[in-house]
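What follows is query_26.cif (mmCIF, C-alpha atoms).
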data_data
loop_
_atom_site.label_atom_id
_atom_site.label_comp_id
_atom_site.auth_asym_id
_atom_site.auth_seq_id
_atom_site.Cartn_x
_atom_site.Cartn_y
_atom_site.Cartn_z
CA MET A 1321 -16.30 -10.87 -28.73
CA LYS A 1322 -19.54 -10.23 -26.81
CA LYS A 1323 -18.96 -13.40 -24.80
CA LEU A 1324 -15.50 -12.21 -23.78
CA VAL A 1325 -16.87 -8.85 -22.62
CA LEU A 1326 -19.55 -10.71 -20.66
CA ILE A 1327 -17.00 -12.99 -19.03
CA GLY A 1328 -14.89 -9.97 -18.11
CA LEU A 1329 -17.86 -8.24 -16.50
CA VAL A 1330 -18.73 -11.41 -14.57
CA LEU A 1331 -15.17 -11.65 -13.22
CA ILE A 1332 -15.20 -7.99 -12.13
CA LEU A 1333 -18.58 -8.49 -10.46
CA ALA A 1334 -17.14 -11.55 -8.70
CA PHE A 1335 -14.36 -9.36 -7.32
CA ALA A 1336 -16.87 -6.71 -6.27
CA SER A 1337 -19.19 -9.19 -4.58
CA SER A 1338 -16.32 -10.33 -2.36
CA GLY A 1339 -16.35 -6.83 -0.85
CA CYS A 1340 -12.67 -6.21 -1.28
CA LEU A 1341 -12.97 -4.26 -4.53
CA ILE A 1342 -14.68 -1.23 -3.04
CA THR A 1343 -11.98 -0.39 -0.52
CA GLY A 1344 -9.11 2.06 -0.55
CA GLN A 1345 -6.13 3.25 1.46
CA VAL A 1346 -6.67 6.74 2.88
CA THR A 1347 -4.22 8.85 4.88
CA PHE A 1348 -5.03 11.43 7.52
CA ILE A 1349 -2.74 13.51 9.70
CA GLU A 1350 -3.49 14.64 13.26
CA THR A 1351 -1.57 17.26 15.19
CA ILE A 1352 0.13 16.47 18.50
CA ASP A 1353 0.54 19.98 19.86
CA ILE A 1354 2.64 19.44 22.96
CA GLY A 1355 4.65 22.64 22.65
CA LEU A 1356 6.95 23.72 25.47
CA THR A 1357 7.54 21.02 28.06
CA THR A 1358 10.14 20.93 30.82
CA ASN A 1359 11.00 18.65 33.69
CA ALA A 1360 9.42 21.28 35.96
CA VAL A 1361 6.20 21.65 33.97
CA ILE A 1362 5.39 18.59 31.87
CA LYS A 1363 2.96 19.35 29.08
CA SER A 1364 0.21 16.95 28.06
CA PHE A 1365 -2.05 17.01 25.03
CA PHE A 1366 -5.48 15.46 24.55
CA LEU A 1367 -5.36 13.85 21.13
CA ASP A 1368 -8.85 13.41 19.75
CA PHE A 1369 -8.98 11.86 16.28
CA ASN A 1370 -12.68 12.73 16.26
CA SER A 1371 -11.73 16.37 15.67
CA ASN A 1372 -10.21 15.32 12.33
CA ASP A 1373 -12.69 15.55 9.46
CA ASP A 1374 -10.82 12.96 7.38
CA TYR A 1375 -11.04 10.49 10.26
CA LEU A 1376 -14.67 11.24 11.00
CA ASP A 1377 -15.62 10.84 7.35
CA ASN A 1378 -14.24 7.30 7.33
CA LYS A 1379 -14.45 6.19 10.96
CA ASP A 1380 -17.34 3.77 10.51
CA ASP A 1381 -15.77 2.20 7.42
CA ILE A 1382 -12.22 1.58 8.68
CA LYS A 1383 -11.22 -2.03 8.08
CA SER A 1384 -7.59 -1.84 9.20
CA VAL A 1385 -4.74 0.53 10.01
CA ASP A 1386 -1.96 0.04 7.45
CA ALA A 1387 0.67 2.59 8.47
CA LEU A 1388 1.21 4.85 11.42
CA ALA A 1389 4.16 7.10 12.26
CA VAL A 1390 5.06 10.24 14.19
CA VAL A 1391 6.65 13.10 12.28
CA ALA A 1392 8.16 15.77 14.50
CA VAL A 1393 10.16 18.94 14.85
CA LEU A 1394 12.00 18.76 18.16
CA LYS A 1395 13.72 21.75 19.72
CA ASN A 1396 16.07 21.22 22.64
CA ASN A 1397 16.42 24.47 24.61
CA ALA A 1398 18.69 22.97 27.24
CA ALA A 1399 22.47 23.07 27.49
CA GLN A 1400 22.68 19.27 27.40
CA PRO A 1401 21.58 16.74 24.76
CA ALA A 1402 18.15 15.17 25.07
CA VAL A 1403 16.37 12.07 23.87
CA VAL A 1404 12.75 13.10 23.35
CA GLN A 1405 9.99 10.69 24.32
CA ILE A 1406 6.29 10.82 23.57
CA TRP A 1407 4.19 8.72 25.91
CA ILE A 1408 0.47 8.01 25.69
CA THR A 1409 -2.28 6.83 27.95
CA ARG A 1410 -5.39 5.42 26.35
CA ASP A 1411 -7.64 7.34 28.74
CA LEU A 1412 -7.83 10.97 29.75
CA THR A 1413 -5.14 11.40 32.40
CA THR A 1414 -3.44 14.35 34.09
CA PHE A 1415 -0.05 13.13 35.23
CA THR A 1416 2.46 15.81 36.13
CA ALA A 1417 5.49 13.69 37.05
CA ALA A 1418 7.67 11.80 34.58
CA ALA A 1419 7.75 8.78 36.91
CA ASP A 1420 3.95 8.54 36.86
CA ILE A 1421 3.87 8.84 33.09
CA ARG A 1422 6.41 6.05 32.69
CA ALA A 1423 4.62 3.87 35.22
CA ASN A 1424 1.18 4.22 33.64
CA GLY A 1425 1.80 5.15 30.03
CA ILE A 1426 2.93 3.55 26.79
CA LEU A 1427 6.06 4.78 25.03
CA PHE A 1428 4.94 5.79 21.53
CA PHE A 1429 7.96 7.63 20.17
CA GLU A 1430 11.61 8.02 21.08
CA SER A 1431 13.89 10.29 19.11
CA PRO A 1432 17.58 10.03 18.42
CA THR A 1433 19.67 12.38 20.52
CA VAL A 1434 18.86 16.03 19.98
CA PRO A 1435 22.04 18.07 20.60
CA ALA A 1436 22.00 20.92 23.10
CA ASN A 1437 20.34 24.10 21.86
CA SER A 1438 19.44 22.44 18.57
CA THR A 1439 16.42 21.47 16.52
CA LEU A 1440 15.92 18.03 14.96
CA LYS A 1441 13.39 17.22 12.28
CA ILE A 1442 12.01 13.69 11.98
CA ASN A 1443 10.65 13.33 8.46
CA TRP A 1444 8.10 10.80 7.25
CA ALA A 1445 10.58 8.21 6.03
CA ASP A 1446 12.54 8.25 9.30
CA ALA A 1447 9.42 8.42 11.48
CA PHE A 1448 8.84 4.68 11.22
CA LEU A 1449 12.21 4.06 12.89
CA PHE A 1450 11.31 6.01 16.01
CA THR A 1451 7.62 5.20 16.41
CA MET A 1452 6.89 2.21 18.66
CA ASN A 1453 4.05 0.34 20.36
CA GLU A 1454 1.78 1.39 17.51
CA GLN A 1455 -0.86 -1.15 18.43
CA ALA A 1456 -2.13 0.99 21.31
CA VAL A 1457 -2.80 3.89 18.96
CA ILE A 1458 -4.19 1.56 16.30
CA ASP A 1459 -6.66 0.30 18.89
CA GLU A 1460 -7.68 3.88 19.57
CA VAL A 1461 -8.10 4.65 15.87
CA LEU A 1462 -10.36 1.61 15.64
CA GLY A 1463 -11.99 2.47 18.96
CA ASP A 1464 -13.17 5.72 20.49
CA GLY A 1465 -10.33 7.70 18.94
CA ASP A 1466 -8.94 9.66 21.86
CA LEU A 1467 -5.89 9.45 24.10
CA THR A 1468 -3.62 11.59 26.22
CA VAL A 1469 -0.12 12.41 25.00
CA TYR A 1470 2.85 13.49 27.11
CA GLY A 1471 6.16 14.93 25.97
CA ILE A 1472 9.20 14.30 28.14
CA ALA A 1473 12.85 13.32 27.73
CA LYS A 1474 14.76 10.21 28.61
CA ASN A 1475 17.09 12.34 30.70
CA PRO A 1476 15.75 13.79 33.99
CA LEU A 1477 16.37 17.45 33.19
CA PHE A 1478 14.93 18.78 29.96
CA ASP A 1479 13.58 21.87 28.27
CA LEU A 1480 11.90 20.99 24.97
CA GLU A 1481 9.52 22.27 22.34
CA ILE A 1482 7.72 19.38 20.67
CA ASP A 1483 5.78 19.95 17.48
CA ALA A 1484 4.53 16.60 16.20
CA GLU A 1485 1.97 15.04 13.90
CA VAL A 1486 0.83 11.47 13.62
CA GLN A 1487 0.25 10.13 10.11
CA VAL A 1488 -2.25 7.31 9.85
CA THR A 1489 -3.14 5.33 6.73
CA VAL A 1490 -6.25 3.19 6.96
CA THR A 1491 -8.09 0.82 4.66
CA VAL A 1492 -11.67 1.97 4.35
CA GLY A 1493 -14.58 0.42 2.51
CA LYS A 1494 -18.17 -0.70 2.69
CA MET B 1053 -12.11 -17.01 -8.31
CA LYS B 1054 -8.94 -18.98 -7.61
CA ALA B 1055 -10.81 -22.27 -7.59
CA THR B 1056 -12.68 -21.40 -10.78
CA LEU B 1057 -9.50 -20.63 -12.65
CA LEU B 1058 -7.82 -23.77 -11.36
CA VAL B 1059 -10.75 -25.95 -12.45
CA THR B 1060 -10.76 -24.29 -15.87
CA VAL B 1061 -7.05 -24.87 -16.30
CA LEU B 1062 -7.32 -28.52 -15.26
CA PHE B 1063 -10.28 -28.99 -17.61
CA CYS B 1064 -8.36 -27.57 -20.54
CA LEU B 1065 -5.32 -29.70 -19.80
CA ALA B 1066 -7.45 -32.83 -19.50
CA ALA B 1067 -9.31 -32.11 -22.72
CA THR B 1068 -6.15 -31.53 -24.74
CA PRO B 1069 -4.68 -34.60 -26.44
CA ALA B 1070 -0.96 -35.11 -26.03
CA GLY B 1071 0.93 -33.53 -28.87
CA ALA B 1072 -1.91 -31.17 -29.72
CA ILE B 1073 0.02 -28.15 -28.52
CA ALA B 1074 0.94 -26.44 -31.74
CA GLU B 1075 1.85 -22.91 -30.75
CA PHE B 1076 3.54 -21.05 -28.03
CA ALA B 1077 4.55 -17.44 -27.70
CA VAL B 1078 6.98 -15.56 -25.52
CA GLY B 1079 7.99 -11.93 -25.22
CA PRO B 1080 8.77 -8.92 -23.05
CA TYR B 1081 6.53 -5.99 -22.25
CA PHE B 1082 6.74 -2.54 -20.70
CA GLY B 1083 4.09 -0.18 -19.37
CA GLY B 1084 2.69 1.43 -16.27
CA ALA B 1085 1.18 0.62 -12.89
CA VAL B 1086 -1.46 2.97 -11.50
CA PRO B 1087 -2.57 2.41 -7.89
CA ILE B 1088 -6.30 2.88 -7.38
CA VAL B 1089 -7.32 4.74 -4.20
CA ASN B 1090 -4.08 4.05 -2.40
CA ASP B 1091 -2.37 6.90 -0.53
CA LEU B 1092 0.74 4.76 0.05
CA ALA B 1093 1.76 4.51 -3.61
CA GLU B 1094 1.90 6.65 -6.72
CA SER B 1095 1.88 5.72 -10.38
CA GLY B 1096 4.99 4.07 -11.72
CA SER B 1097 6.34 1.76 -14.34
CA ALA B 1098 5.79 -1.94 -14.98
CA TRP B 1099 7.76 -4.42 -17.02
CA GLY B 1100 8.00 -8.12 -17.35
CA ILE B 1101 8.11 -11.18 -19.52
CA GLN B 1102 5.28 -13.49 -20.45
CA GLY B 1103 4.70 -16.73 -22.28
CA ARG B 1104 1.68 -18.75 -23.29
CA VAL B 1105 0.79 -22.03 -24.92
CA ASN B 1106 -2.30 -22.36 -27.08
CA LEU B 1107 -4.20 -25.49 -26.08
CA LEU B 1108 -7.34 -24.92 -28.12
CA SER B 1109 -8.19 -22.37 -30.75
CA TRP B 1110 -9.77 -20.14 -28.09
CA VAL B 1111 -7.89 -21.16 -24.95
CA ALA B 1112 -4.30 -20.62 -23.93
CA LEU B 1113 -2.43 -21.08 -20.70
CA GLY B 1114 0.52 -18.97 -19.74
CA GLY B 1115 2.53 -17.31 -17.08
CA HIS B 1116 4.18 -14.01 -16.45
CA PHE B 1117 6.77 -12.36 -14.29
CA ASN B 1118 6.12 -8.69 -13.56
CA ILE B 1119 7.82 -5.92 -11.63
CA SER B 1120 5.80 -2.80 -10.85
CA SER B 1121 7.85 0.11 -9.52
CA PHE B 1122 5.56 2.54 -7.76
CA GLY B 1123 6.16 6.23 -7.25
CA ASN B 1124 6.77 7.67 -3.80
CA PRO B 1125 3.74 9.10 -1.99
CA GLN B 1126 4.18 12.58 -0.52
CA GLU B 1127 2.50 14.38 2.36
CA VAL B 1128 2.64 17.95 3.65
CA PHE B 1129 3.25 18.12 7.36
CA PHE B 1130 2.64 21.05 9.73
CA GLU B 1131 0.72 22.72 6.95
CA GLY B 1132 0.37 26.46 7.36
CA THR B 1133 2.92 26.70 10.18
CA ALA B 1134 6.53 27.81 10.33
CA ASN B 1135 7.57 24.15 10.44
CA GLU B 1136 5.75 23.15 7.24
CA PHE B 1137 7.58 20.66 5.04
CA THR B 1138 6.82 18.06 2.42
CA ALA B 1139 8.11 14.53 2.91
CA GLU B 1140 7.79 11.23 1.15
CA ILE B 1141 8.20 7.54 1.78
CA ASP B 1142 9.20 4.75 -0.54
CA GLY B 1143 6.43 3.56 -2.87
CA GLY B 1144 8.37 0.35 -3.32
CA SER B 1145 8.18 -2.27 -5.99
CA ALA B 1146 5.93 -5.27 -6.40
CA THR B 1147 7.12 -8.52 -7.91
CA THR B 1148 4.49 -10.84 -9.34
CA PHE B 1149 4.63 -14.44 -10.56
CA ALA B 1150 1.32 -15.53 -11.99
CA ALA B 1151 -0.44 -18.16 -14.07
CA ASP B 1152 -2.61 -16.85 -16.89
CA LEU B 1153 -5.69 -18.17 -18.64
CA TYR B 1154 -6.46 -16.66 -22.03
CA LEU B 1155 -9.89 -16.84 -23.62
CA GLY B 1156 -10.26 -15.69 -27.19
CA ARG B 1157 -7.84 -15.39 -30.09
CA SER B 1158 -4.43 -15.31 -28.46
CA GLY B 1159 -2.56 -17.48 -30.95
CA GLY B 1160 -0.24 -16.67 -33.79
CA SER B 1161 -2.80 -16.22 -36.56
CA ALA B 1162 -1.82 -13.20 -38.62
CA GLY B 1163 -4.14 -10.26 -38.10
CA VAL B 1164 -5.81 -8.54 -35.18
CA ASN B 1165 -6.54 -10.85 -32.27
CA PHE B 1166 -8.63 -9.95 -29.24
CA TYR B 1167 -8.70 -11.89 -26.01
CA LEU B 1168 -9.50 -11.78 -22.31
CA VAL B 1169 -6.95 -12.87 -19.74
CA GLY B 1170 -7.29 -13.76 -16.09
CA SER B 1171 -4.37 -14.37 -13.72
CA VAL B 1172 -3.73 -15.80 -10.29
CA GLY B 1173 -0.35 -15.48 -8.65
CA SER B 1174 1.92 -14.26 -5.92
CA PHE B 1175 2.36 -10.52 -5.28
CA SER B 1176 5.28 -9.32 -3.12
CA TRP B 1177 5.31 -5.61 -2.32
CA ASP B 1178 8.62 -4.46 -0.85
CA ARG B 1179 8.91 -0.96 0.67
CA ASP B 1180 11.77 0.61 2.62
CA GLN B 1181 9.67 1.76 5.57
CA LEU B 1182 6.88 -0.82 5.59
CA GLY B 1183 8.79 -3.96 4.71
CA GLU B 1184 7.82 -6.76 2.36
CA ILE B 1185 4.33 -8.23 2.27
CA THR B 1186 3.35 -11.18 0.08
CA LYS B 1187 -0.25 -11.83 -0.89
CA THR B 1188 -2.22 -13.68 -3.56
CA THR B 1189 -3.07 -11.51 -6.55
CA TYR B 1190 -5.89 -11.74 -9.05
CA SER B 1191 -6.13 -9.80 -12.28
CA VAL B 1192 -8.35 -9.64 -15.30
CA GLY B 1193 -8.42 -7.57 -18.44
CA PRO B 1194 -8.63 -7.41 -22.20
CA GLY B 1195 -5.76 -7.64 -24.64
CA LEU B 1196 -5.24 -6.93 -28.28
CA GLU B 1197 -2.44 -8.33 -30.41
CA ILE B 1198 -1.57 -7.54 -34.00
CA VAL B 1199 0.27 -10.55 -35.35
CA LEU B 1200 2.42 -9.91 -38.39
CA PRO B 1201 3.08 -12.55 -41.06
CA MET B 1202 6.58 -13.16 -39.70
CA HIS B 1203 4.99 -14.51 -36.45
CA VAL B 1204 5.82 -11.40 -34.45
CA GLY B 1205 2.97 -9.97 -32.47
CA LEU B 1206 2.63 -6.43 -31.14
CA GLU B 1207 0.45 -6.51 -28.08
CA GLY B 1208 -1.38 -4.06 -25.84
CA ARG B 1209 -3.16 -4.97 -22.66
CA ALA B 1210 -4.92 -3.44 -19.65
CA MET B 1211 -5.45 -5.34 -16.41
CA LEU B 1212 -7.27 -4.66 -13.19
CA GLU B 1213 -5.10 -6.16 -10.47
CA VAL B 1214 -6.71 -6.90 -7.11
CA VAL B 1215 -4.64 -8.03 -4.13
CA PRO B 1216 -6.88 -8.95 -1.19
CA THR B 1217 -5.40 -7.96 2.15
CA ASP B 1218 -6.47 -8.80 5.66
CA ASN B 1219 -9.76 -7.52 7.03
CA ASP B 1220 -11.66 -7.67 3.71
CA GLY B 1221 -9.61 -4.92 2.10
CA SER B 1222 -7.49 -4.97 -1.02
CA TRP B 1223 -4.83 -3.14 -2.97
CA LYS B 1224 -5.85 -2.40 -6.52
CA ASN B 1225 -3.79 -1.37 -9.49
CA LEU B 1226 -4.47 -0.66 -13.11
CA LEU B 1227 -1.72 -2.22 -15.20
CA TRP B 1228 -1.23 -1.37 -18.84
CA PHE B 1229 1.53 -2.35 -21.17
CA VAL B 1230 2.67 -2.86 -24.70
CA GLY B 1231 4.84 -5.77 -25.70
CA ALA B 1232 6.18 -7.90 -28.46
CA ASN B 1233 5.81 -11.67 -28.76
CA TYR B 1234 7.29 -14.26 -31.04
CA HIS B 1235 4.88 -17.04 -31.92
CA PHE B 1236 6.61 -20.39 -32.34
CA GLY B 1237 4.80 -22.98 -34.35
CA ALA B 1238 2.29 -20.51 -35.74
CA ARG B 1239 0.86 -21.36 -39.15
#

Let me see the structure of the file written as structure tokens.
Amino acid sequence: MKKLVLIGLVLILAFASSGCLITGQVTFIETIDIGLTTNAVIKSFFLDFNSNDDYLDNKDDIKSVDALAVVAVLKNNAAQPAVVQIWITRDLTTFTAAADIRANGILFFESPTVPANSTLKINWADAFLFTMNEQAVIDEVLGDGDLTVYGIAKNPLFDLEIDAEVQVTVTVGK
Amino acid sequence: MKATLLVTVLFCLAATPAGAIAEFAVGPYFGGAVPIVNDLAESGSAWGIQGRVNLLSWVALGGHFNISSFGNPQEVFFEGTANEFTAEIDGGSATTFAADLYLGRSGGSAGVNFYLVGSVGSFSWDRDQLGEITKTTYSVGPGLEIVLPMHVGLEGRAMLEVVPTDNDGSWKNLLWFVGANYHFGAR
């Protein structure tokens, strides 16, 4: 009996010594507060993961990013349907024209069509369908943790209110 | 770990004369799966079927097939704002095929038998949003079986399951279950 307990402890210690036992999967959520954005006045948002306590607490111990998705509430104030797009640049930028954003940015999220004068909610389960090019954001999570976010529409004329959050699950451990 | 178990298994097989296998047991089990520090899964159920062959009085080899159905993790989004809502994603289910090495009294002797079991196998975790990922799984834990005179054993077991992932991380689950076995060839 004592030998079996000893063997069990040795096996658990073997797991622990490999380093993988003292890790866990932790989720944090960061706001993307774009707000009102129109084709005339395109709104940008400086997303700084370093302002998130959950991220800061684990930043030095992140081993990998396991899941990443954009959850959003999208309001289309215009009289025509809109496909909402969230673009990012990995540095601090101040583009004001959709053409410049598309030329220099990375498309991170594209919604289904939001009908005219309607609001569309993208929940967590659906968010994975509309989030794209995650690697750029993953690199930022593993890097300095900041990027610039732009909210525009696929169509040239738009009047939107974008309330979004990015959910990130990371493996952390010593 | 994997190599150690493999060497142990091969040693036991080599040291066992042909025809010496006297007992084997098979049976179903049902219990729970509890993720450890994993925000992408919640506690759920586990069930499966297992079998083992006693090679020596204190060594048995076996295998098991297990399905762990995890609960769906939830998150609150836009907390404290007019848009606040709670949403969830699929916790998914994990299918495991594994080889088991038992040390201790795991045979069909009537009475209370205590043993330690270690497993190595394949772990496939399938989730609606995150797809299916297959990794090697390792588990270890103690078991207790009360074998009745009619060769039926009532068993309880707890296992720490560790599934190493990329980048030196791992998924970990606590598995527990109760089951019933029939011991063929038990004296």

Under the PyMOL selection byres ((chain B) within 8 of (chain A)), which residues of this model are included? Write them out as a PyMOL selection string. chain B and resi 1053+1088-1092+1129-1130+1135+1139-1142+1155-1156+1166-1168+1181-1182+1192-1194+1214+1216+1218-1224

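Put simply, the PyMOL selection byres ((chain B and resi 1206-1211) around 9) on this file hits Tyr1081, Val1169, Gly1170, Ser1191, Val1192, Gly1193, Pro1194, Gly1195, Leu1196, Glu1197, Ile1198, Val1199, Leu1200, Val1204, Gly1205, Leu1212, Glu1213, Asn1225, Leu1226, Leu1227, Trp1228, Phe1229, Val1230, Gly1231, Ala1232 and Asn1233 of chain B.
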
Restricting to all atoms listed in the file, whichever of B:Val1086, B:Val1215, B:Ala1098, B:Leu1108 is closest to Arg1157 (chain B) is B:Leu1108

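Minimum atom-to-atom distance to Leu1467 (chain A), evaluated using only C-alpha atoms, belongs to A:Leu1412 out of A:Leu1356, A:Ile1362, A:Leu1412, A:Val1404.
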
For a quick check of your reading of the model, name the residues lying within 8 Å of the coordinate (5.1, 2.3, 18.0), counting all atoms listed in the file, and write them as a PyMOL selection string. chain A and resi 1389+1427-1429+1450-1455

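Our summary of the geometry notes that CA of Asp1459 (chain A) is positioned 18.7 Å from CA of Thr1217 (chain B).
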
For this file, the PyMOL selection byres ((chain B and resi 1172) around 7) selects which residues, as a tab-separated table (two decimals) with C-alpha atoms, in the coordinates of the input?
chain	number	residue	atom	x	y	z
B	1054	LYS	CA	-8.94	-18.98	-7.61
B	1150	ALA	CA	1.32	-15.53	-11.99
B	1151	ALA	CA	-0.44	-18.16	-14.07
B	1152	ASP	CA	-2.61	-16.85	-16.89
B	1171	SER	CA	-4.37	-14.37	-13.72
B	1173	GLY	CA	-0.35	-15.48	-8.65
B	1189	THR	CA	-3.07	-11.51	-6.55
B	1190	TYR	CA	-5.89	-11.74	-9.05
B	1191	SER	CA	-6.13	-9.80	-12.28

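Interatomic distance, CA of Gly1143 (chain B) to CA of Asp1380 (chain A): 27.3 Å.
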
Between CA of Thr1468 (chain A) and CA of Phe1365 (chain A) lies a distance of 5.8 Å

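Ranking B:Pro1080, B:Thr1148, B:Gly1183, B:Thr1188 by their shortest atom-to-atom distance to Ile1119 (chain B), with all atoms listed in the file included, puts B:Thr1148 first.
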
I want to know what sits within 7 Å of Val1469 (chain A), based on all atoms listed in the file, with residues of the same chain fewer than 3 positions away left out; could you give that as a PyMOL selection string? chain A and resi 1364-1367+1406-1409

Long-range neighbours of Phe1236 (chain B) as an MDAnalysis selection string, 7 Å cut-off, only C-alpha atoms, 3 positions minimum in chain: chainID B and resid 1075:1077

Please write the residues from the selection above to a file, keeping C-alpha atoms, as a tab-separated table (two decimals), in the frame of the given file.
chain	number	residue	atom	x	y	z
B	1075	GLU	CA	1.85	-22.91	-30.75
B	1076	PHE	CA	3.54	-21.05	-28.03
B	1077	ALA	CA	4.55	-17.44	-27.70

Counting all atoms listed in the file, the residue of B:Leu1107, B:Ala1074, B:Val1128, B:Ala1093 that sits nearest Trp1177 (chain B): B:Ala1093

Just want the 7 Å neighbourhood of Asp1466 (chain A), counted on all atoms listed in the file, with same-chain residues fewer than 3 positions away dropped. Output as a PyMOL selection string. chain A and resi 1367-1369+1460

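Shortest separation to Tyr1154 (chain B) among B:Thr1186, B:Ser1176, B:Arg1104, B:His1116 occurs at residue B:Arg1104, atoms counted being all atoms listed in the file.
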
Which of B:Gln1126, B:Phe1082, B:Gly1159, B:Gly1144 sits closest to Trp1110 (chain B) [using all atoms listed in the file]: B:Gly1159

Residue list as a list of chain:residue names for point (-1.1, 7.5, 34.8), cut-off 9 Å, only C-alpha atoms: A:Thr1409, A:Asp1411, A:Thr1413, A:Thr1414, A:Phe1415, A:Asp1420, A:Ile1421, A:Arg1422, A:Ala1423, A:Asn1424, A:Gly1425

Could N, CA, C and O atoms be built for region 1093-1105 of chain B and written out as a PDB file, keeping the file's coordinate frame?
ATOM      1  N   ALA B1093       1.025   4.769  -2.364  1.00  0.00           N
ATOM      2  CA  ALA B1093       1.760   4.510  -3.610  1.00  0.00           C
ATOM      3  C   ALA B1093       1.299   5.484  -4.683  1.00  0.00           C
ATOM      4  O   ALA B1093       0.157   5.945  -4.673  1.00  0.00           O
ATOM      5  N   GLU B1094       2.208   5.805  -5.567  1.00  0.00           N
ATOM      6  CA  GLU B1094       1.900   6.650  -6.720  1.00  0.00           C
ATOM      7  C   GLU B1094       2.161   5.852  -7.993  1.00  0.00           C
ATOM      8  O   GLU B1094       2.788   4.794  -7.966  1.00  0.00           O
ATOM      9  N   SER B1095       1.711   6.405  -9.094  1.00  0.00           N
ATOM     10  CA  SER B1095       1.880   5.720 -10.380  1.00  0.00           C
ATOM     11  C   SER B1095       3.356   5.498 -10.701  1.00  0.00           C
ATOM     12  O   SER B1095       4.207   6.323 -10.365  1.00  0.00           O
ATOM     13  N   GLY B1096       3.608   4.391 -11.360  1.00  0.00           N
ATOM     14  CA  GLY B1096       4.990   4.070 -11.720  1.00  0.00           C
ATOM     15  C   GLY B1096       5.027   3.217 -12.970  1.00  0.00           C
ATOM     16  O   GLY B1096       4.055   3.161 -13.738  1.00  0.00           O
ATOM     17  N   SER B1097       6.145   2.552 -13.132  1.00  0.00           N
ATOM     18  CA  SER B1097       6.340   1.760 -14.340  1.00  0.00           C
ATOM     19  C   SER B1097       6.118   0.269 -14.048  1.00  0.00           C
ATOM     20  O   SER B1097       6.137  -0.161 -12.889  1.00  0.00           O
ATOM     21  N   ALA B1098       5.911  -0.485 -15.103  1.00  0.00           N
ATOM     22  CA  ALA B1098       5.790  -1.940 -14.980  1.00  0.00           C
ATOM     23  C   ALA B1098       6.486  -2.576 -16.175  1.00  0.00           C
ATOM     24  O   ALA B1098       6.432  -2.040 -17.283  1.00  0.00           O
ATOM     25  N   TRP B1099       7.159  -3.670 -15.921  1.00  0.00           N
ATOM     26  CA  TRP B1099       7.760  -4.420 -17.020  1.00  0.00           C
ATOM     27  C   TRP B1099       7.792  -5.897 -16.652  1.00  0.00           C
ATOM     28  O   TRP B1099       7.663  -6.252 -15.470  1.00  0.00           O
ATOM     29  N   GLY B1100       7.960  -6.696 -17.647  1.00  0.00           N
ATOM     30  CA  GLY B1100       8.000  -8.120 -17.350  1.00  0.00           C
ATOM     31  C   GLY B1100       8.180  -8.955 -18.597  1.00  0.00           C
ATOM     32  O   GLY B1100       8.460  -8.434 -19.686  1.00  0.00           O
ATOM     33  N   ILE B1101       8.015 -10.244 -18.407  1.00  0.00           N
ATOM     34  CA  ILE B1101       8.110 -11.180 -19.520  1.00  0.00           C
ATOM     35  C   ILE B1101       6.978 -12.184 -19.381  1.00  0.00           C
ATOM     36  O   ILE B1101       6.587 -12.533 -18.262  1.00  0.00           O
ATOM     37  N   GLN B1102       6.424 -12.580 -20.485  1.00  0.00           N
ATOM     38  CA  GLN B1102       5.280 -13.490 -20.450  1.00  0.00           C
ATOM     39  C   GLN B1102       5.448 -14.575 -21.513  1.00  0.00           C
ATOM     40  O   GLN B1102       6.187 -14.417 -22.490  1.00  0.00           O
ATOM     41  N   GLY B1103       4.733 -15.651 -21.295  1.00  0.00           N
ATOM     42  CA  GLY B1103       4.700 -16.730 -22.280  1.00  0.00           C
ATOM     43  C   GLY B1103       3.352 -17.422 -22.212  1.00  0.00           C
ATOM     44  O   GLY B1103       2.676 -17.370 -21.178  1.00  0.00           O
ATOM     45  N   ARG B1104       2.946 -18.024 -23.306  1.00  0.00           N
ATOM     46  CA  ARG B1104       1.680 -18.750 -23.290  1.00  0.00           C
ATOM     47  C   ARG B1104       1.698 -19.855 -24.332  1.00  0.00           C
ATOM     48  O   ARG B1104       2.402 -19.777 -25.342  1.00  0.00           O
ATOM     49  N   VAL B1105       0.921 -20.875 -24.038  1.00  0.00           N
ATOM     50  CA  VAL B1105       0.790 -22.030 -24.920  1.00  0.00           C
ATOM     51  C   VAL B1105      -0.672 -22.139 -25.328  1.00  0.00           C
ATOM     52  O   VAL B1105      -1.559 -22.134 -24.466  1.00  0.00           O
TER      53      VAL B1105
END
